[in-house]
Number of protein chains: 4
Amino acid sequence: MAFHFPQKVFFKHCDPAGIVFFPRYFEIINDVNEAFFASLGHPYHEMMPENGVPTAEIATRFAAPSRHGDDLVFTLTVTKVGRSSVGIRTVAHAGDELRLETTLTLVWVNREGRPQSWPDDLRAGLTAHLEGDDP
Amino acid sequence: MAFHFPQKVFFKHCDPAGIVFFPRYFEIINDVNEAFFASLGHPYHEMMPENGVPTAEIATRFAAPSRHGDDLVFTLTVTKVGRSSVGIRTVAHAGDELRLETTLTLVWVNREGRPQSWPDDLRAGLTAHLEGDDP
Amino acid sequence: MAFHFPQKVFFKHCDPAGIVFFPRYFEIINDVNEAFFASLGHPYHEMMPENGVPTAEIATRFAAPSRHGDDLVFTLTVTKVGRSSVGIRTVAHAGDELRLETTLTLVWVNREGRPQSWPDDLRAGLTAHLEGDDP
Amino acid sequence: MAFHFPQKVFFKHCDPAGIVFFPRYFEIINDVNEAFFASLGHPYHEMMPENGVPTAEIATRFAAPSRHGDDLVFTLTVTKVGRSSVGIRTVAHAGDELRLETTLTLVWVNREGRPQSWPDDLRAGLTAHLEGDDP
């Protein structure tokens, strides 16, 4: 079950070459993750400061540039649920065209930044978004 | 021959958890690349709009969080010089502690965004920063 | 006739004090203006690069801090339509509480950055949003 | 006694029109303030979270656009020292050309965000930068 997040490319996202400045993509990806966890009943602003989900690693391939005004859709799936981490794959498309593909790992930590086991309901929510679980 | 770029962690870089918000790191990495090309005699503001060096892919591992006030040093080395691309590895340390390691590929493009062969002097400058070329 | 723009406060907007970092408000205000012009049939990505509406001046009072997760509504009204400029007042509320009030001037410019007379339809659209024109 | 802060315009600061995106100026102004307080012996990262200096209001006139590669100098002077607030005027120039002028008010607050009287040494440092106190 994939999670979808639409995002129009605004003026603020774009650089002097008229395309999305790549650090802005990572702000959007953070928004996608924030919205995904909210959809699972754990919005960031409620989990913090007791817990957090910092990004441990992220790898991204920019397949084609995105321009001001483009209507992007980010699609998130879960690739792996660990004891205290989750693997996520997110792709962004404009229509049928792939713009980027990213894989990242988030870790569920406590106030001191130490990894914790996922709460049961959150683990269940993450597991429901594992790739390949829908036809 | 490595290229070094110091960067103090400012208020603007930090998130509600008091650590660097990871998209901010990518803004800094863009600054590092911009300063590196300037050191090679090709500042971004002179090469554009005739040419540019968009980021084709980037993979990053965040080894430890950085906090407001930390004095970071980013160290860039070249891993590979292709016909129109360059592989870069950048690490950031606070003192001896590794904070992040990133590998990225930049592509030398023309005004239309098409890959071009590196100019000779730029290729020479990039090659001079290949890893393992200094003792 | 006021123009309304809802914006939830996301993680990316907030600083180490857990409140909106004030430059992030200006990114949002730019989004509000971009959405407003789109509502008038002139989205920024279509007017550029022939025309643009740079900000000539802006004055803001931050009445109360906004926190992560707050549901803000930005309300824009036009205070004055000049030959090539427009005065805008925007307020942001969380429920009934005022968070900020800003007044700003945008200028309609050509590709060289020189002020131009508003196109007729845009002038009409701006004028329709003058304060005091609705009960 | 004025406080000076040089800032080159980097790629990240610029928008599709090739000039500084105005919210980026406010990030720089925040950097200027942070460096100013550090120069007075109160770096933000040491005062927080016990204290902070949120921006209560800010008014800015953009006199002329700044372009990628411009070497700007921001010059800060103090206009007024109140019991718990400070008025600041900051101008940015590229060579002799004025790019922006901003006036802003910061408030010295405690952990709960309530205004507090300035510590004596900080009041003395601020007072030393009052406009008109140097020839």
# chains A, B, ... in the order shown; residues from 1 in each chain; ligands from 1
>>> closest_atom_pairs(of="chain C", to="chain D", cutoff="12 Å", atoms="only C-alpha atoms", output="JSON lines")
{"residue": "C:Asp15", "atom": "CA", "partner": "D:Pro54", "partner_atom": "CA", "distance": 10.8}
{"residue": "C:Pro16", "atom": "CA", "partner": "D:Pro49", "partner_atom": "CA", "distance": 8.4}
{"residue": "C:Ala17", "atom": "CA", "partner": "D:Pro49", "partner_atom": "CA", "distance": 7.2}
{"residue": "C:Gly18", "atom": "CA", "partner": "D:Pro49", "partner_atom": "CA", "distance": 10.5}
{"residue": "C:Ile19", "atom": "CA", "partner": "D:Pro54", "partner_atom": "CA", "distance": 9.8}
{"residue": "C:Val20", "atom": "CA", "partner": "D:Pro54", "partner_atom": "CA", "distance": 10.3}
{"residue": "C:Phe21", "atom": "CA", "partner": "D:Pro54", "partner_atom": "CA", "distance": 9.0}
{"residue": "C:Phe22", "atom": "CA", "partner": "D:Thr55", "partner_atom": "CA", "distance": 7.5}
{"residue": "C:Pro23", "atom": "CA", "partner": "D:Phe26", "partner_atom": "CA", "distance": 5.3}
{"residue": "C:Arg24", "atom": "CA", "partner": "D:Pro23", "partner_atom": "CA", "distance": 7.2}
{"residue": "C:Tyr25", "atom": "CA", "partner": "D:Pro23", "partner_atom": "CA", "distance": 8.3}
{"residue": "C:Phe26", "atom": "CA", "partner": "D:Pro23", "partner_atom": "CA", "distance": 5.3}
{"residue": "C:Glu27", "atom": "CA", "partner": "D:Pro23", "partner_atom": "CA", "distance": 5.8}
{"residue": "C:Ile28", "atom": "CA", "partner": "D:Pro23", "partner_atom": "CA", "distance": 9.3}
{"residue": "C:Ile29", "atom": "CA", "partner": "D:Pro23", "partner_atom": "CA", "distance": 9.2}
{"residue": "C:Asn30", "atom": "CA", "partner": "D:Pro23", "partner_atom": "CA", "distance": 8.3}
{"residue": "C:Asp31", "atom": "CA", "partner": "D:Pro23", "partner_atom": "CA", "distance": 11.2}
{"residue": "C:Tyr44", "atom": "CA", "partner": "D:Pro16", "partner_atom": "CA", "distance": 10.6}
{"residue": "C:His45", "atom": "CA", "partner": "D:Pro16", "partner_atom": "CA", "distance": 9.8}
{"residue": "C:Met47", "atom": "CA", "partner": "D:Ala17", "partner_atom": "CA", "distance": 11.6}
{"residue": "C:Met48", "atom": "CA", "partner": "D:Ala17", "partner_atom": "CA", "distance": 8.2}
{"residue": "C:Pro49", "atom": "CA", "partner": "D:Ala17", "partner_atom": "CA", "distance": 7.2}
{"residue": "C:Glu50", "atom": "CA", "partner": "D:Ala17", "partner_atom": "CA", "distance": 10.2}
{"residue": "C:Asn51", "atom": "CA", "partner": "D:Ala17", "partner_atom": "CA", "distance": 9.7}
{"residue": "C:Gly52", "atom": "CA", "partner": "D:Ala17", "partner_atom": "CA", "distance": 8.2}
{"residue": "C:Val53", "atom": "CA", "partner": "D:Ala17", "partner_atom": "CA", "distance": 10.4}
{"residue": "C:Pro54", "atom": "CA", "partner": "D:Phe22", "partner_atom": "CA", "distance": 8.6}
{"residue": "C:Thr55", "atom": "CA", "partner": "D:Phe62", "partner_atom": "CA", "distance": 7.4}
{"residue": "C:Ala56", "atom": "CA", "partner": "D:Phe62", "partner_atom": "CA", "distance": 5.3}
{"residue": "C:Glu57", "atom": "CA", "partner": "D:Arg61", "partner_atom": "CA", "distance": 4.3}
{"residue": "C:Ile58", "atom": "CA", "partner": "D:Thr60", "partner_atom": "CA", "distance": 5.4}
{"residue": "C:Ala59", "atom": "CA", "partner": "D:Ala59", "partner_atom": "CA", "distance": 3.8}
{"residue": "C:Thr60", "atom": "CA", "partner": "D:Ile58", "partner_atom": "CA", "distance": 5.4}
{"residue": "C:Arg61", "atom": "CA", "partner": "D:Glu57", "partner_atom": "CA", "distance": 4.3}
{"residue": "C:Phe62", "atom": "CA", "partner": "D:Ala56", "partner_atom": "CA", "distance": 5.3}
{"residue": "C:Ala63", "atom": "CA", "partner": "D:Ala56", "partner_atom": "CA", "distance": 7.3}
{"residue": "C:Ala64", "atom": "CA", "partner": "D:Ala56", "partner_atom": "CA", "distance": 8.6}
{"residue": "C:Pro65", "atom": "CA", "partner": "D:Gly113", "partner_atom": "CA", "distance": 9.1}
{"residue": "C:Arg99", "atom": "CA", "partner": "D:Ala56", "partner_atom": "CA", "distance": 11.0}
{"residue": "C:Leu100", "atom": "CA", "partner": "D:Glu57", "partner_atom": "CA", "distance": 9.3}
{"residue": "C:Glu101", "atom": "CA", "partner": "D:Glu57", "partner_atom": "CA", "distance": 9.5}
{"residue": "C:Thr102", "atom": "CA", "partner": "D:Ala59", "partner_atom": "CA", "distance": 9.1}
{"residue": "C:Thr103", "atom": "CA", "partner": "D:Ala59", "partner_atom": "CA", "distance": 9.2}
{"residue": "C:Leu104", "atom": "CA", "partner": "D:Thr60", "partner_atom": "CA", "distance": 9.3}
{"residue": "C:Thr105", "atom": "CA", "partner": "D:Arg61", "partner_atom": "CA", "distance": 9.5}
{"residue": "C:Leu106", "atom": "CA", "partner": "D:Phe62", "partner_atom": "CA", "distance": 10.9}
{"residue": "C:Val107", "atom": "CA", "partner": "D:Phe62", "partner_atom": "CA", "distance": 11.5}
{"residue": "C:Val109", "atom": "CA", "partner": "D:Ala17", "partner_atom": "CA", "distance": 11.4}
{"residue": "C:Asn110", "atom": "CA", "partner": "D:Ala17", "partner_atom": "CA", "distance": 11.0}
{"residue": "C:Arg111", "atom": "CA", "partner": "D:Ala17", "partner_atom": "CA", "distance": 8.7}
{"residue": "C:Glu112", "atom": "CA", "partner": "D:Ala17", "partner_atom": "CA", "distance": 9.9}
{"residue": "C:Gly113", "atom": "CA", "partner": "D:Pro65", "partner_atom": "CA", "distance": 9.1}
{"residue": "C:Arg114", "atom": "CA", "partner": "D:Ala64", "partner_atom": "CA", "distance": 11.4}
>>> residues_around(residues="B:Leu76", least_positions_apart="4", cutoff="8 Å", atoms="only C-alpha atoms", output="JSON, numbers by chain")
{"B": [2, 3, 4, 32, 88, 89, 90, 91]}
>>> select_by_dssp(residues="chain B", states="strand (DSSP E or B)", output="VMD selection string")
chain B and resid 3 to 8 14 19 to 20 51 to 52 55 to 62 67 71 to 81 85 to 94 97 to 107 109 to 110 115 130
>>> atom_distance(atom1="atom CA of D:Lys80", atom2="atom CA of C:Glu97")
29.1 Å
>>> atom_distance(atom1="atom CA of D:Ser39", atom2="atom CA of D:Arg67")
28.4 Å
>>> atom_distance(atom1="atom CA of A:Ser84", atom2="atom CA of A:Trp108")
5.4 Å
>>> closest_residue(among="C:Ala38, C:Ala128, C:Val9, C:Leu122", to="A:Gly69", atoms="only C-alpha atoms")
C:Ala38
>>> residues_around(residues="A:Glu131", least_positions_apart="6", cutoff="8 Å", atoms="only C-alpha atoms", output="list in words")
Met1, Ala2, Thr77, Val78 and Thr79 of chain A
>>> write_last_selection(atoms="N, CA, C and O atoms", output="short mmCIF file (atom, residue, chain, number, x, y, z; two decimals), in the first residue's frame")
data_model
loop_
_atom_site.label_atom_id
_atom_site.label_comp_id
_atom_site.auth_asym_id
_atom_site.auth_seq_id
_atom_site.Cartn_x
_atom_site.Cartn_y
_atom_site.Cartn_z
N MET A 1 0.86 -1.19 0.00
CA MET A 1 0.00 0.00 0.00
C MET A 1 0.90 1.24 0.00
O MET A 1 1.64 1.47 0.94
N ALA A 2 0.83 1.99 -1.06
CA ALA A 2 1.69 3.16 -1.20
C ALA A 2 1.02 4.40 -0.60
O ALA A 2 -0.21 4.49 -0.55
N THR A 77 6.82 3.98 -0.39
CA THR A 77 6.54 2.62 0.07
C THR A 77 7.61 2.24 1.09
O THR A 77 8.69 2.83 1.13
N VAL A 78 7.27 1.26 1.91
CA VAL A 78 8.20 0.77 2.93
C VAL A 78 8.93 -0.44 2.35
O VAL A 78 8.30 -1.33 1.76
N THR A 79 10.26 -0.45 2.51
CA THR A 79 11.02 -1.58 1.97
C THR A 79 11.41 -2.57 3.06
O THR A 79 11.66 -3.75 2.79
#
>>> residues_around(residues="D:Glu34", least_positions_apart="5", cutoff="8 Å", atoms="only C-alpha atoms", output="number ranges by chain")
B: 10-11; D: 43-44
>>> closest_residue(among="B:Thr127, B:Ser66, B:Thr75, B:Ser85", to="B:Ala35", atoms="only C-alpha atoms")
B:Thr75
>>> select_by_dssp(residues="stretch 14-134 of chain D", states="helix (DSSP H, G or I)", output="VMD selection string")
chain D and resid 22 to 39 44 to 47 120 to 127
